[in-house]
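For reference, the structure is listed below as structure tokens.
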Number of protein chains: 2
Amino acid sequence: MPTIAFEDLTPGRIIDLGGVKVDREEMLAFARRFDPQPFHLDEEAGRRSVLGGLAASGWFTASLWMRAYVDHVLAGSTSQGSPGGREFAWPAPVYPDDVLHCRLEVLAARRSRSRPRLGLVDITGTAHRRDPDVEGGEECVLRLTFTGFFGTRD
Amino acid sequence: MPTIAFEDLTPGRIIDLGGVKVDREEMLAFARRFDPQPFHLDEEAGRRSVLGGLAASGWFTASLWMRAYVDHVLAGSTSQGSPGGREFAWPAPVYPDDVLHCRLEVLAARRSRSRPRLGLVDITGTAHRRDPDVEGGEECVLRLTFTGFFGTRD
């Protein structure tokens with residue numbers, strides 16, 4: 001029986017998705033294949049850019065978040081995929097060896113009118129890096145607001 | 001000298017980003033690493049899902065579009081990255097061996113008030129698959145609306 005179904009994803013619920021370390025080699029391999037801009041590939045080009053250093057492709061950061069979401073929520077759930085979302089934001093750069101703390105919050109949930117055994121869940125997912133300059137501080141590096149389809153339990 | 005700067009990205013401009021074939025093995029490898037949901041990994045699970053068959057992770061589709069965008073626009077441009085966007089949509093599934101036709105349209109462009117040598121460009125990127133059931137028809141499989149930062153030429 002799935003761990004998580006539509007009925008479990010109630011508005012206001014926050015789910016911790018754990019920490020993810022950014023592997024430098026994987027970050028570079030992703031950039032070489034999908035986003036070969038100089039600031040994603042080269043230290044010096046990164047330093048000269050607005051990113052301030054060699055930084056991850058935003059799609060790599062989103063993909064790391066996705067994996068944490070699958071591991072902690074979707075695996076064994078009634079997930080039926082996603083039609084997309086209304087926000088993706090990369091408010092700060094991600095650097096090699098950063099540890100990103102991933103979580104999600106359920107914003108809203110409703111049953112489909114046309115398919116009563118399906119629910120639509122609006123979710124904001126975030127990743128934060130611990131900010132070394134602020135005691136207990138965190139810096140948001142990713143925010144995704146999207147809709148997920150989940151089967152109902154009943 | 002960069003090929004494309006802020007001044008070139010005028011509202012209404014449409015840029016063709018070419019065709020991209022979806023490689024089945026790469027699609028599966030991406031899913032195993034970043035989005036290991038059954039319908040992205042297994043034919044039979046795909047057929048039983050709303051996706052109707054083994055289908056790509058939406059993040060893989062977005063990453064393929066990004067590569068086409070780098071190859072046709074960003075490489076050699078004055079790009080300074082992106083803070084994110086306000087829409088990502090996967091209106092139809094992507095299957096192995098699909099050929100996706102990628103393009104973008106410039107929606108709006110304005111200079112930064114605080115940094116006059118930087119421009120903000122709002123772009124909608126799309127990928128379409130030729131629809132075999134409709135003569136000349138295409139089906140949209142990806143839509144991304146986001147802001148890009150570009151240096152000015154002057």
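Each chain in the structure tokens gets a letter, A, B and so on, in the order shown; residues start at 1 in every chain, and ligands are counted from 1 in the order they appear.
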Using only C-alpha atoms and a distance of at most 7 Å, pull out the residues of chain A that contact chain B, as a VMD selection string. chain A and resid 34 to 37 49 to 50 59 63 to 64 66 to 67 70 75 80 83 to 91
Run DSSP on the backbone and give me the residues of chain B it puts in alpha helix (DSSP H), as a PyMOL selection string. chain B and resi 24-34+38-41+43-48+58-69
Write to file, as a short mmCIF file (atom, residue, chain, number, x, y, z; two decimals), in the first residue's frame, the residues of the selection just made, with N, CA and C atoms.
```cif
data_model
loop_
_atom_site.label_atom_id
_atom_site.label_comp_id
_atom_site.auth_asym_id
_atom_site.auth_seq_id
_atom_site.Cartn_x
_atom_site.Cartn_y
_atom_site.Cartn_z
N ARG B 24 16.70 7.27 -26.01
CA ARG B 24 16.07 6.42 -25.01
C ARG B 24 17.00 6.10 -23.82
N GLU B 25 18.25 5.75 -24.13
CA GLU B 25 19.16 5.38 -23.05
C GLU B 25 19.49 6.57 -22.15
N GLU B 26 19.68 7.74 -22.76
CA GLU B 26 19.98 8.92 -21.96
C GLU B 26 18.76 9.33 -21.12
N MET B 27 17.58 9.20 -21.72
CA MET B 27 16.33 9.50 -21.01
C MET B 27 16.20 8.61 -19.76
N LEU B 28 16.52 7.33 -19.93
CA LEU B 28 16.43 6.39 -18.81
C LEU B 28 17.51 6.68 -17.76
N ALA B 29 18.72 7.01 -18.21
CA ALA B 29 19.80 7.29 -17.26
C ALA B 29 19.47 8.54 -16.44
N PHE B 30 18.91 9.55 -17.08
CA PHE B 30 18.51 10.75 -16.36
C PHE B 30 17.45 10.40 -15.31
N ALA B 31 16.47 9.60 -15.70
CA ALA B 31 15.39 9.23 -14.77
C ALA B 31 15.93 8.41 -13.59
N ARG B 32 16.84 7.49 -13.88
CA ARG B 32 17.39 6.68 -12.77
C ARG B 32 18.08 7.57 -11.75
N ARG B 33 18.77 8.60 -12.21
CA ARG B 33 19.52 9.45 -11.29
C ARG B 33 18.65 10.50 -10.59
N PHE B 34 17.74 11.14 -11.36
CA PHE B 34 17.08 12.33 -10.84
C PHE B 34 15.57 12.18 -10.61
N PRO B 38 8.24 5.10 -11.43
CA PRO B 38 8.08 3.92 -12.30
C PRO B 38 7.77 4.27 -13.76
N PHE B 39 6.91 5.28 -13.98
CA PHE B 39 6.52 5.58 -15.38
C PHE B 39 7.65 6.23 -16.18
N HIS B 40 8.74 6.63 -15.50
CA HIS B 40 9.91 7.13 -16.23
C HIS B 40 10.97 6.04 -16.46
N LEU B 41 10.73 4.86 -15.87
CA LEU B 41 11.75 3.81 -15.90
C LEU B 41 11.32 2.53 -16.60
N GLU B 43 8.49 0.35 -19.11
CA GLU B 43 7.45 0.38 -20.16
C GLU B 43 6.07 0.08 -19.61
N GLU B 44 5.99 -1.01 -18.86
CA GLU B 44 4.68 -1.47 -18.40
C GLU B 44 4.08 -0.47 -17.41
N ALA B 45 4.92 0.04 -16.50
CA ALA B 45 4.43 1.05 -15.54
C ALA B 45 3.99 2.31 -16.29
N GLY B 46 4.70 2.66 -17.34
CA GLY B 46 4.32 3.81 -18.15
C GLY B 46 2.95 3.60 -18.79
N ARG B 47 2.74 2.41 -19.36
CA ARG B 47 1.46 2.14 -20.02
C ARG B 47 0.30 2.21 -19.03
N ARG B 48 0.54 1.78 -17.81
CA ARG B 48 -0.54 1.78 -16.81
C ARG B 48 -0.79 3.18 -16.23
N GLY B 58 10.05 15.34 -16.83
CA GLY B 58 9.92 16.72 -17.33
C GLY B 58 11.20 17.52 -17.19
N TRP B 59 12.04 17.16 -16.23
CA TRP B 59 13.30 17.87 -16.04
C TRP B 59 14.29 17.51 -17.13
N PHE B 60 14.17 16.30 -17.66
CA PHE B 60 15.00 15.92 -18.80
C PHE B 60 14.59 16.74 -20.03
N THR B 61 13.29 16.84 -20.26
CA THR B 61 12.80 17.63 -21.40
C THR B 61 13.26 19.08 -21.27
N ALA B 62 13.13 19.65 -20.07
CA ALA B 62 13.58 21.03 -19.86
C ALA B 62 15.08 21.16 -20.11
N SER B 63 15.84 20.15 -19.69
CA SER B 63 17.30 20.20 -19.87
C SER B 63 17.68 20.10 -21.34
N LEU B 64 16.94 19.29 -22.11
CA LEU B 64 17.19 19.22 -23.55
C LEU B 64 16.92 20.56 -24.22
N TRP B 65 15.82 21.20 -23.81
CA TRP B 65 15.51 22.54 -24.35
C TRP B 65 16.63 23.52 -24.01
N MET B 66 17.11 23.43 -22.76
CA MET B 66 18.16 24.35 -22.33
C MET B 66 19.39 24.21 -23.21
N ARG B 67 19.76 22.97 -23.53
CA ARG B 67 20.94 22.77 -24.38
C ARG B 67 20.74 23.40 -25.76
N ALA B 68 19.55 23.25 -26.32
CA ALA B 68 19.27 23.87 -27.62
C ALA B 68 19.35 25.39 -27.51
N TYR B 69 18.88 25.93 -26.39
CA TYR B 69 18.93 27.38 -26.15
C TYR B 69 20.39 27.87 -26.03
#
```
Please provide the set of residues having any atom within 9 Å of A:Thr10, restricted to only C-alpha atoms, with same-chain residues fewer than 3 positions apart removed, written as a list in words. Phe6, Glu7, Arg13, Val106, Leu107, Ala108, Ala109 and Val121 of chain A
Out of B:Asp154, B:Asp8, B:Glu138, B:Asp131, which residue has the shortest atom-to-atom distance to B:Arg117 when counting only C-alpha atoms?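 Between B:Asp154, B:Asp8, B:Glu138, B:Asp131, the residue approaching B:Arg117 most closely is B:Asp154.
Taking atom CA of A:His101 and atom CA of A:Asp133 as the two end points, the separation is 16.8 Å.
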Quick one: of B:Asp98, B:Gly151, B:Thr3, B:Arg115, who's nearest to B:His128, counting only C-alpha atoms? B:Asp98
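DSSP, applied to the backbone of this structure, assigns strand (DSSP E) to the following residues of stretch 3-39 of chain B: Ile14, Ile15, Asp16, Leu17, Gly18, Gly19, Val20 and Lys21 of chain B.
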Pull all heavy atoms from the residues just selected and write them as an mmCIF file, in the first residue's frame.
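Now in out38.cif:
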```
data_model
loop_
_atom_site.group_PDB
_atom_site.id
_atom_site.type_symbol
_atom_site.label_atom_id
_atom_site.label_comp_id
_atom_site.auth_asym_id
_atom_site.auth_seq_id
_atom_site.Cartn_x
_atom_site.Cartn_y
_atom_site.Cartn_z
ATOM 1 N N ILE B 14 11.133 35.763 -32.643
ATOM 2 C CA ILE B 14 11.050 34.312 -32.495
ATOM 3 C C ILE B 14 12.364 33.721 -33.000
ATOM 4 O O ILE B 14 12.854 34.119 -34.062
ATOM 5 C CB ILE B 14 9.852 33.753 -33.284
ATOM 6 C CG1 ILE B 14 8.544 34.188 -32.599
ATOM 7 C CG2 ILE B 14 9.930 32.236 -33.398
ATOM 8 C CD1 ILE B 14 7.296 33.904 -33.402
ATOM 9 N N ILE B 15 12.950 32.836 -32.234
ATOM 10 C CA ILE B 15 14.216 32.212 -32.636
ATOM 11 C C ILE B 15 14.033 30.701 -32.660
ATOM 12 O O ILE B 15 13.588 30.099 -31.673
ATOM 13 C CB ILE B 15 15.366 32.606 -31.683
ATOM 14 C CG1 ILE B 15 15.535 34.140 -31.654
ATOM 15 C CG2 ILE B 15 16.675 31.932 -32.115
ATOM 16 C CD1 ILE B 15 16.624 34.637 -30.709
ATOM 17 N N ASP B 16 14.371 30.100 -33.790
ATOM 18 C CA ASP B 16 14.291 28.650 -33.942
ATOM 19 C C ASP B 16 15.514 28.021 -33.285
ATOM 20 O O ASP B 16 16.643 28.438 -33.556
ATOM 21 C CB ASP B 16 14.256 28.315 -35.441
ATOM 22 C CG ASP B 16 13.865 26.874 -35.683
ATOM 23 O OD1 ASP B 16 14.490 25.984 -35.068
ATOM 24 O OD2 ASP B 16 12.940 26.650 -36.471
ATOM 25 N N LEU B 17 15.288 27.032 -32.435
ATOM 26 C CA LEU B 17 16.388 26.379 -31.728
ATOM 27 C C LEU B 17 16.650 24.969 -32.261
ATOM 28 O O LEU B 17 17.367 24.188 -31.634
ATOM 29 C CB LEU B 17 16.105 26.334 -30.223
ATOM 30 C CG LEU B 17 15.754 27.670 -29.551
ATOM 31 C CD1 LEU B 17 15.460 27.448 -28.068
ATOM 32 C CD2 LEU B 17 16.862 28.703 -29.723
ATOM 33 N N GLY B 18 16.033 24.643 -33.388
ATOM 34 C CA GLY B 18 16.334 23.357 -34.025
ATOM 35 C C GLY B 18 15.567 22.185 -33.432
ATOM 36 O O GLY B 18 14.712 22.332 -32.563
ATOM 37 N N GLY B 19 15.903 21.011 -33.926
ATOM 38 C CA GLY B 19 15.248 19.784 -33.489
ATOM 39 C C GLY B 19 16.171 18.970 -32.604
ATOM 40 O O GLY B 19 17.390 18.970 -32.789
ATOM 41 N N VAL B 20 15.585 18.282 -31.620
ATOM 42 C CA VAL B 20 16.362 17.458 -30.692
ATOM 43 C C VAL B 20 15.713 16.089 -30.618
ATOM 44 O O VAL B 20 14.517 15.980 -30.328
ATOM 45 C CB VAL B 20 16.361 18.073 -29.277
ATOM 46 C CG1 VAL B 20 17.129 17.184 -28.317
ATOM 47 C CG2 VAL B 20 16.940 19.474 -29.296
ATOM 48 N N LYS B 21 16.478 15.051 -30.887
ATOM 49 C CA LYS B 21 15.930 13.697 -30.768
ATOM 50 C C LYS B 21 16.115 13.181 -29.344
ATOM 51 O O LYS B 21 17.183 13.338 -28.748
ATOM 52 C CB LYS B 21 16.624 12.763 -31.757
ATOM 53 C CG LYS B 21 16.039 11.355 -31.708
ATOM 54 C CD LYS B 21 16.322 10.560 -32.952
ATOM 55 C CE LYS B 21 15.639 9.195 -32.847
ATOM 56 N NZ LYS B 21 15.941 8.351 -33.996
#
```
Tell me which of B:Thr152, B:Pro132, B:Arg113, B:Val141 sits closest to B:Ala55, counting only C-alpha atoms. B:Val141
Enter the distance from atom CA of B:Ile123 to atom CA of A:Val22, in Å, rounded to one decimal. 28.6 Å
Atom CA of A:Asp23 to atom CA of B:Asp23, distance in Å rounded to a single decimal: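 Answer for the atom CA of A:Asp23 to atom CA of B:Asp23 separation: 24.8 Å.
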I'd like to know which of B:Cys102, B:Leu118, B:Ala56, B:Cys140 is closest to B:Ala5, using only C-alpha atoms.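 Once distances to B:Ala5 are computed over only C-alpha atoms, the minimum belongs to B:Leu118.
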